[in-house]
$ cat data30.pdb   # PDB, C-alpha atoms, pLDDT in the B column
MODEL        1
ATOM      1  CA  MET J 933      88.439  88.282 121.115  1.00 46.00           C
ATOM      2  CA  ASP J 934      88.816  90.776 123.987  1.00 52.00           C
ATOM      3  CA  ARG J 935      85.449  92.219 123.020  1.00 53.00           C
ATOM      4  CA  LEU J 936      83.797  88.844 123.464  1.00 56.00           C
ATOM      5  CA  ALA J 937      85.369  88.452 126.917  1.00 56.00           C
ATOM      6  CA  GLY J 938      83.521  91.592 128.014  1.00 58.00           C
ATOM      7  CA  LEU J 939      80.110  90.154 127.147  1.00 59.00           C
ATOM      8  CA  ASP J 940      78.000  88.380 129.722  1.00 68.00           C
ATOM      9  CA  SER J 941      76.199  85.153 128.819  1.00 74.00           C
ATOM     10  CA  ALA J 942      73.055  87.040 127.753  1.00 76.00           C
ATOM     11  CA  GLY J 943      75.126  89.298 125.510  1.00 70.00           C
ATOM     12  CA  LEU J 944      76.886  86.293 123.975  1.00 77.00           C
ATOM     13  CA  GLN J 945      73.529  84.642 123.321  1.00 81.00           C
ATOM     14  CA  GLN J 946      72.199  87.807 121.680  1.00 80.00           C
ATOM     15  CA  LEU J 947      75.323  88.067 119.506  1.00 79.00           C
ATOM     16  CA  GLU J 948      75.061  84.401 118.587  1.00 83.00           C
ATOM     17  CA  GLN J 949      71.382  84.848 117.638  1.00 84.00           C
ATOM     18  CA  LEU J 950      72.265  87.916 115.563  1.00 82.00           C
ATOM     19  CA  TYR J 951      75.010  85.917 113.866  1.00 83.00           C
ATOM     20  CA  ARG J 952      72.718  82.965 113.104  1.00 85.00           C
ATOM     21  CA  SER J 953      70.088  85.301 111.684  1.00 85.00           C
ATOM     22  CA  HIS J 954      72.323  87.463 109.517  1.00 86.00           C
ATOM     23  CA  ALA J 955      75.698  85.749 108.831  1.00 85.00           C
ATOM     24  CA  GLY J 956      74.767  84.392 105.406  1.00 89.00           C
ATOM     25  CA  TRP J 957      73.118  87.639 104.399  1.00 90.00           C
ATOM     26  CA  LEU J 958      76.180  89.694 105.452  1.00 88.00           C
ATOM     27  CA  ARG J 959      78.586  87.441 103.538  1.00 88.00           C
ATOM     28  CA  ALA J 960      76.400  87.706 100.409  1.00 90.00           C
ATOM     29  CA  LEU J 961      76.213  91.493 100.789  1.00 87.00           C
ATOM     30  CA  VAL J 962      79.985  91.866 101.012  1.00 87.00           C
ATOM     31  CA  THR J 963      80.557  89.427  98.169  1.00 87.00           C
ATOM     32  CA  HIS J 964      77.955  90.656  95.693  1.00 87.00           C
ATOM     33  CA  ARG J 965      76.976  94.229  96.536  1.00 85.00           C
ATOM     34  CA  LEU J 966      80.406  95.492  97.558  1.00 80.00           C
ATOM     35  CA  ARG J 967      82.138  93.176  95.105  1.00 83.00           C
ATOM     36  CA  ALA J 968      84.963  92.619  97.559  1.00 80.00           C
ATOM     37  CA  GLN J 969      87.815  90.390  96.540  1.00 82.00           C
ATOM     38  CA  PRO J 970      87.312  86.824  97.806  1.00 83.00           C
ATOM     39  CA  THR J 971      90.402  87.201  99.984  1.00 82.00           C
ATOM     40  CA  ASP J 972      88.869  90.276 101.667  1.00 85.00           C
ATOM     41  CA  VAL J 973      85.346  88.937 102.214  1.00 87.00           C
ATOM     42  CA  ASP J 974      86.201  86.818 105.259  1.00 86.00           C
ATOM     43  CA  ASP J 975      88.226  89.622 106.854  1.00 88.00           C
ATOM     44  CA  ILE J 976      85.505  92.229 106.357  1.00 87.00           C
ATOM     45  CA  VAL J 977      82.778  89.918 107.649  1.00 86.00           C
ATOM     46  CA  GLN J 978      84.846  88.917 110.692  1.00 86.00           C
ATOM     47  CA  ASP J 979      85.708  92.554 111.474  1.00 86.00           C
ATOM     48  CA  ALA J 980      82.022  93.501 111.177  1.00 86.00           C
ATOM     49  CA  TRP J 981      81.115  90.844 113.758  1.00 83.00           C
ATOM     50  CA  LEU J 982      83.895  92.041 116.050  1.00 82.00           C
ATOM     51  CA  ARG J 983      82.480  95.558 115.833  1.00 83.00           C
ATOM     52  CA  ALA J 984      79.021  94.185 116.625  1.00 82.00           C
ATOM     53  CA  ALA J 985      80.508  92.426 119.660  1.00 79.00           C
ATOM     54  CA  GLY J 986      81.815  95.808 120.821  1.00 78.00           C
ATOM     55  CA  CYS J 987      78.285  97.195 120.903  1.00 77.00           C
ATOM     56  CA  GLU J 988      75.461  96.268 123.178  1.00 75.00           C
ATOM     57  CA  VAL J 989      73.608  93.922 120.861  1.00 70.00           C
ATOM     58  CA  ASP J 990      70.204  94.716 122.348  1.00 72.00           C
ATOM     59  CA  ASN J 991      70.791  98.391 121.436  1.00 76.00           C
ATOM     60  CA  ILE J 992      71.075  97.523 117.730  1.00 78.00           C
ATOM     61  CA  GLN J 993      67.608  98.481 116.499  1.00 83.00           C
ATOM     62  CA  HIS J 994      68.152  97.620 112.818  1.00 88.00           C
ATOM     63  CA  PRO J 995      70.707  94.812 112.573  1.00 85.00           C
ATOM     64  CA  LYS J 996      70.893  94.696 108.775  1.00 86.00           C
ATOM     65  CA  ALA J 997      71.414  98.459 108.539  1.00 89.00           C
ATOM     66  CA  PHE J 998      74.061  98.312 111.272  1.00 87.00           C
ATOM     67  CA  LEU J 999      75.898  95.372 109.696  1.00 87.00           C
ATOM     68  CA  SER J1000      75.726  96.735 106.151  1.00 87.00           C
ATOM     69  CA  GLN J1001      77.019 100.176 107.218  1.00 89.00           C
ATOM     70  CA  THR J1002      79.776  98.559 109.277  1.00 87.00           C
ATOM     71  CA  ALA J1003      80.808  96.331 106.360  1.00 87.00           C
ATOM     72  CA  LEU J1004      80.720  99.306 103.977  1.00 89.00           C
ATOM     73  CA  ASN J1005      82.950 101.347 106.306  1.00 88.00           C
ATOM     74  CA  LEU J1006      85.403  98.459 106.646  1.00 87.00           C
ATOM     75  CA  PHE J1007      85.423  97.971 102.870  1.00 87.00           C
ATOM     76  CA  ARG J1008      86.120 101.687 102.290  1.00 87.00           C
ATOM     77  CA  ASP J1009      88.897 101.653 104.887  1.00 85.00           C
ATOM     78  CA  ARG J1010      90.551  98.725 103.098  1.00 83.00           C
ATOM     79  CA  LYS J1011      90.314 100.491  99.735  1.00 84.00           C
ATOM     80  CA  ARG J1012      91.860 103.658 101.192  1.00 84.00           C
ATOM     81  CA  ARG J1013      94.735 101.697 102.714  1.00 83.00           C
ATOM     82  CA  GLU J1014      95.284  99.842  99.440  1.00 82.00           C
ATOM     83  CA  ALA J1015      95.375 103.156  97.537  1.00 82.00           C
ATOM     84  CA  VAL J1016      97.959 104.592  99.938  1.00 81.00           C
ATOM     85  CA  ARG J1017     100.081 101.438  99.670  1.00 79.00           C
ATOM     86  CA  GLN J1018      99.813 101.468  95.883  1.00 81.00           C
ATOM     87  CA  HIS J1019     100.747 105.144  95.753  1.00 79.00           C
ATOM     88  CA  TYR J1020     103.749 104.425  97.970  1.00 74.00           C
ATOM     89  CA  ARG J1021     104.793 101.417  95.843  1.00 75.00           C
ATOM     90  CA  GLU J1022     104.589 103.524  92.683  1.00 75.00           C
ATOM     91  CA  GLY J1023     106.753 106.186  94.317  1.00 70.00           C
ATOM     92  CA  VAL J1024     109.328 103.604  95.421  1.00 63.00           C
ATOM     93  CA  THR J1025     109.370 102.042  91.956  1.00 59.00           C
ATOM     94  CA  ALA J1026     109.867 105.455  90.346  1.00 59.00           C
ATOM     95  CA  ASP J1027     112.719 106.196  92.763  1.00 54.00           C
ATOM     96  CA  HIS J1028     114.470 102.938  91.891  1.00 54.00           C
ATOM     97  CA  GLY J1029     114.229 103.785  88.209  1.00 51.00           C
ATOM     98  CA  ARG J1030     116.279 106.970  88.658  1.00 49.00           C
ATOM     99  CA  GLY J1031     119.513 105.151  89.379  1.00 46.00           C
ATOM    100  CA  ASP J1032     121.752 104.894  92.422  1.00 46.00           C
ATOM    101  CA  ARG J1033     123.442 108.282  92.145  1.00 41.00           C
ATOM    102  CA  HIS J1034     120.105 110.072  92.892  1.00 45.00           C
ATOM    103  CA  GLY J1035     118.839 107.570  95.452  1.00 58.00           C
ATOM    104  CA  LEU J1036     119.753 107.198  99.101  1.00 63.00           C
ATOM    105  CA  SER J1037     121.684 104.296 100.559  1.00 72.00           C
ATOM    106  CA  GLU J1038     119.704 102.043 102.860  1.00 76.00           C
ATOM    107  CA  GLN J1039     121.373 103.588 105.899  1.00 78.00           C
ATOM    108  CA  GLU J1040     120.679 107.130 104.656  1.00 79.00           C
ATOM    109  CA  ALA J1041     117.053 106.219 103.970  1.00 77.00           C
ATOM    110  CA  ALA J1042     116.678 104.811 107.498  1.00 78.00           C
ATOM    111  CA  LEU J1043     118.134 108.001 108.982  1.00 82.00           C
ATOM    112  CA  GLU J1044     115.849 110.148 106.824  1.00 83.00           C
ATOM    113  CA  LEU J1045     112.808 108.144 107.915  1.00 82.00           C
ATOM    114  CA  GLU J1046     113.846 108.502 111.555  1.00 83.00           C
ATOM    115  CA  ARG J1047     114.229 112.271 111.105  1.00 86.00           C
ATOM    116  CA  ILE J1048     110.805 112.549 109.472  1.00 88.00           C
ATOM    117  CA  VAL J1049     109.129 110.533 112.236  1.00 86.00           C
ATOM    118  CA  LEU J1050     110.880 112.525 114.968  1.00 87.00           C
ATOM    119  CA  ASP J1051     109.773 115.776 113.319  1.00 88.00           C
ATOM    120  CA  LEU J1052     106.092 114.789 113.514  1.00 89.00           C
ATOM    121  CA  PRO J1053     103.991 116.581 116.138  1.00 90.00           C
ATOM    122  CA  GLU J1054     104.104 114.556 119.363  1.00 90.00           C
ATOM    123  CA  LYS J1055     100.506 113.305 119.342  1.00 92.00           C
ATOM    124  CA  MET J1056     100.753 112.152 115.718  1.00 91.00           C
ATOM    125  CA  ARG J1057     104.203 110.650 116.307  1.00 90.00           C
ATOM    126  CA  ASP J1058     102.914 108.596 119.266  1.00 91.00           C
ATOM    127  CA  VAL J1059     100.111 107.106 117.178  1.00 91.00           C
ATOM    128  CA  PHE J1060     102.405 106.514 114.183  1.00 90.00           C
ATOM    129  CA  VAL J1061     105.101 104.764 116.233  1.00 88.00           C
ATOM    130  CA  LEU J1062     102.622 102.540 118.080  1.00 90.00           C
ATOM    131  CA  SER J1063     100.965 101.573 114.796  1.00 89.00           C
ATOM    132  CA  ARG J1064     103.932 101.126 112.490  1.00 86.00           C
ATOM    133  CA  PHE J1065     106.707 100.027 114.818  1.00 85.00           C
ATOM    134  CA  ARG J1066     104.860  98.344 117.690  1.00 86.00           C
ATOM    135  CA  HIS J1067     102.207  96.882 115.334  1.00 87.00           C
ATOM    136  CA  MET J1068      99.306  97.825 117.609  1.00 89.00           C
ATOM    137  CA  SER J1069      95.742  97.998 116.317  1.00 91.00           C
ATOM    138  CA  ASN J1070      93.809 101.271 116.388  1.00 92.00           C
ATOM    139  CA  ALA J1071      91.736  99.980 119.309  1.00 92.00           C
ATOM    140  CA  GLU J1072      94.877  99.088 121.270  1.00 91.00           C
ATOM    141  CA  ILE J1073      96.386 102.499 120.548  1.00 91.00           C
ATOM    142  CA  ALA J1074      93.174 104.221 121.629  1.00 92.00           C
ATOM    143  CA  THR J1075      93.177 102.314 124.916  1.00 90.00           C
ATOM    144  CA  THR J1076      96.886 102.925 125.523  1.00 89.00           C
ATOM    145  CA  LEU J1077      96.663 106.663 124.857  1.00 90.00           C
ATOM    146  CA  GLY J1078      93.200 107.143 126.376  1.00 92.00           C
ATOM    147  CA  ILE J1079      91.691 108.565 123.174  1.00 93.00           C
ATOM    148  CA  SER J1080      88.934 107.480 120.809  1.00 94.00           C
ATOM    149  CA  ILE J1081      89.522 105.192 117.837  1.00 93.00           C
ATOM    150  CA  LYS J1082      88.370 108.028 115.545  1.00 95.00           C
ATOM    151  CA  THR J1083      91.096 110.261 117.005  1.00 94.00           C
ATOM    152  CA  VAL J1084      93.659 107.507 116.400  1.00 93.00           C
ATOM    153  CA  GLU J1085      92.480 107.192 112.775  1.00 94.00           C
ATOM    154  CA  TRP J1086      92.582 110.969 112.270  1.00 95.00           C
ATOM    155  CA  ARG J1087      96.064 111.337 113.769  1.00 94.00           C
ATOM    156  CA  MET J1088      97.369 108.380 111.773  1.00 93.00           C
ATOM    157  CA  GLY J1089      96.002 109.843 108.546  1.00 93.00           C
ATOM    158  CA  LYS J1090      97.613 113.201 109.287  1.00 93.00           C
ATOM    159  CA  ALA J1091     100.918 111.547 110.228  1.00 91.00           C
ATOM    160  CA  LEU J1092     100.974 109.520 107.019  1.00 90.00           C
ATOM    161  CA  ALA J1093     100.152 112.601 104.931  1.00 90.00           C
ATOM    162  CA  LEU J1094     102.961 114.561 106.586  1.00 89.00           C
ATOM    163  CA  CYS J1095     105.436 111.706 106.108  1.00 86.00           C
ATOM    164  CA  MET J1096     104.480 111.360 102.441  1.00 86.00           C
ATOM    165  CA  SER J1097     104.797 115.083 101.774  1.00 86.00           C
ATOM    166  CA  ARG J1098     108.220 115.192 103.467  1.00 84.00           C
ATOM    167  CA  LEU J1099     109.375 112.127 101.560  1.00 79.00           C
ATOM    168  CA  ARG J1100     108.441 113.830  98.279  1.00 78.00           C
ATOM    169  CA  ASP J1101     110.475 116.941  99.127  1.00 70.00           C
TER     170      ASP J1101
ENDMDL
END

$ encode --input "data30.pdb" --output "structure tokens"
Amino acid sequence: MDRLAGLDSAGLQQLEQLYRSHAGWLRALVTHRLRAQPTDVDDIVQDAWLRAAGCEVDNIQHPKAFLSQTALNLFRDRKRREAVRQHYREGVTADHGRGDRHGLSEQEAALELERIVLDLPEKMRDVFVLSRFRHMSNAEIATTLGISIKTVEWRMGKALALCMSRLRD
């Protein structure tokens, strides 16, 4: 909603007009073309409109192209996150199957996680901690650290990859 607060009345009217013209089309695109799960459709569509609100609506030359590319990017991001979570769940399940004598106690696991996070390079660690422990969005992290959202995404991806590789060791 912060993005909407930054729009003047003309910008809000333009966004509203864009929404009225293309909302049904965008929902159908996400549902049928991307074949998103029904539970994800509303989230993807809402996030696409929030991204549109972050742009100057009158600068959007081809609204359908903009909205479809935005929805596609959001859909891909969700699939990537789901794959990482699934990979992590499979690793945790495999670890539980080995028995207690090979596993770590909960306290040992917490200490190991803390060590791994502290060993991350500072810039990646800052992004990781703000995301995972302070539950900040990428946009909030970008604003807090004075970097772009793309940089936040890149650093978070690198931090997760490093954590996963160290957890496997």

$ residues_around --input "data30.pdb" --residues "Ile992 of chain J" --least-positions-apart "6" --cutoff "12 Å" --atoms "all atoms listed in the file" --output "ChimeraX atom specification"
/J:946-947,950,983-986,998-999

$ closest_residue --input "data30.pdb" --among "J:Val989, J:Ala1041, J:Val1016, J:Ile1079" --to "Ala942 of chain J" --atoms "only C-alpha atoms"
J:Val989

$ atom_distance --input "data30.pdb" --atom1 "atom CA of Leu1050 of chain J" --atom2 "atom CA of Gln1018 of chain J"
24.7 Å

$ atom_distance --input "data30.pdb" --atom1 "atom CA of Gln949 of chain J" --atom2 "atom CA of Ser1069 of chain J"
27.7 Å

$ residues_around --input "data30.pdb" --residues "Ile1073 of chain J" --least-positions-apart "2" --cutoff "8 Å" --atoms "all atoms listed in the file" --output "compact mmCIF listing (two decimals) with C-alpha atoms, keeping the file's coordinate frame"
# COMPACT_ATOMS: atom_id res chain seq x y z
CA VAL J 1059 100.11 107.11 117.18
CA LEU J 1062 102.62 102.54 118.08
CA SER J 1063 100.96 101.57 114.80
CA MET J 1068 99.31 97.82 117.61
CA SER J 1069 95.74 98.00 116.32
CA ASN J 1070 93.81 101.27 116.39
CA ALA J 1071 91.74 99.98 119.31
CA THR J 1075 93.18 102.31 124.92
CA THR J 1076 96.89 102.92 125.52
CA LEU J 1077 96.66 106.66 124.86
CA ILE J 1081 89.52 105.19 117.84
CA VAL J 1084 93.66 107.51 116.40

$ resolve_selection --input "data30.pdb" --expression "the PyMOL selection byres ((chain J and resi 966-979) around 12)" --output "PyMOL selection string"
chain J and resi 933+935+951+954-965+980-986+999-1011+1014

$ atom_distance --input "data30.pdb" --atom1 "atom CA of Leu944 of chain J" --atom2 "atom CA of Cys987 of chain J"
11.4 Å

$ closest_residue --input "data30.pdb" --among "J:Gln945, J:Arg1021, J:Leu1099, J:Asn991" --to "Ala1042 of chain J" --atoms "all atoms listed in the file"
J:Leu1099

$ resolve_selection --input "data30.pdb" --expression "the PyMOL selection byres ((chain J and resi 1091) around 9)" --output "PyMOL selection string"
chain J and resi 1049+1052-1053+1056-1057+1059-1060+1086-1090+1092-1096
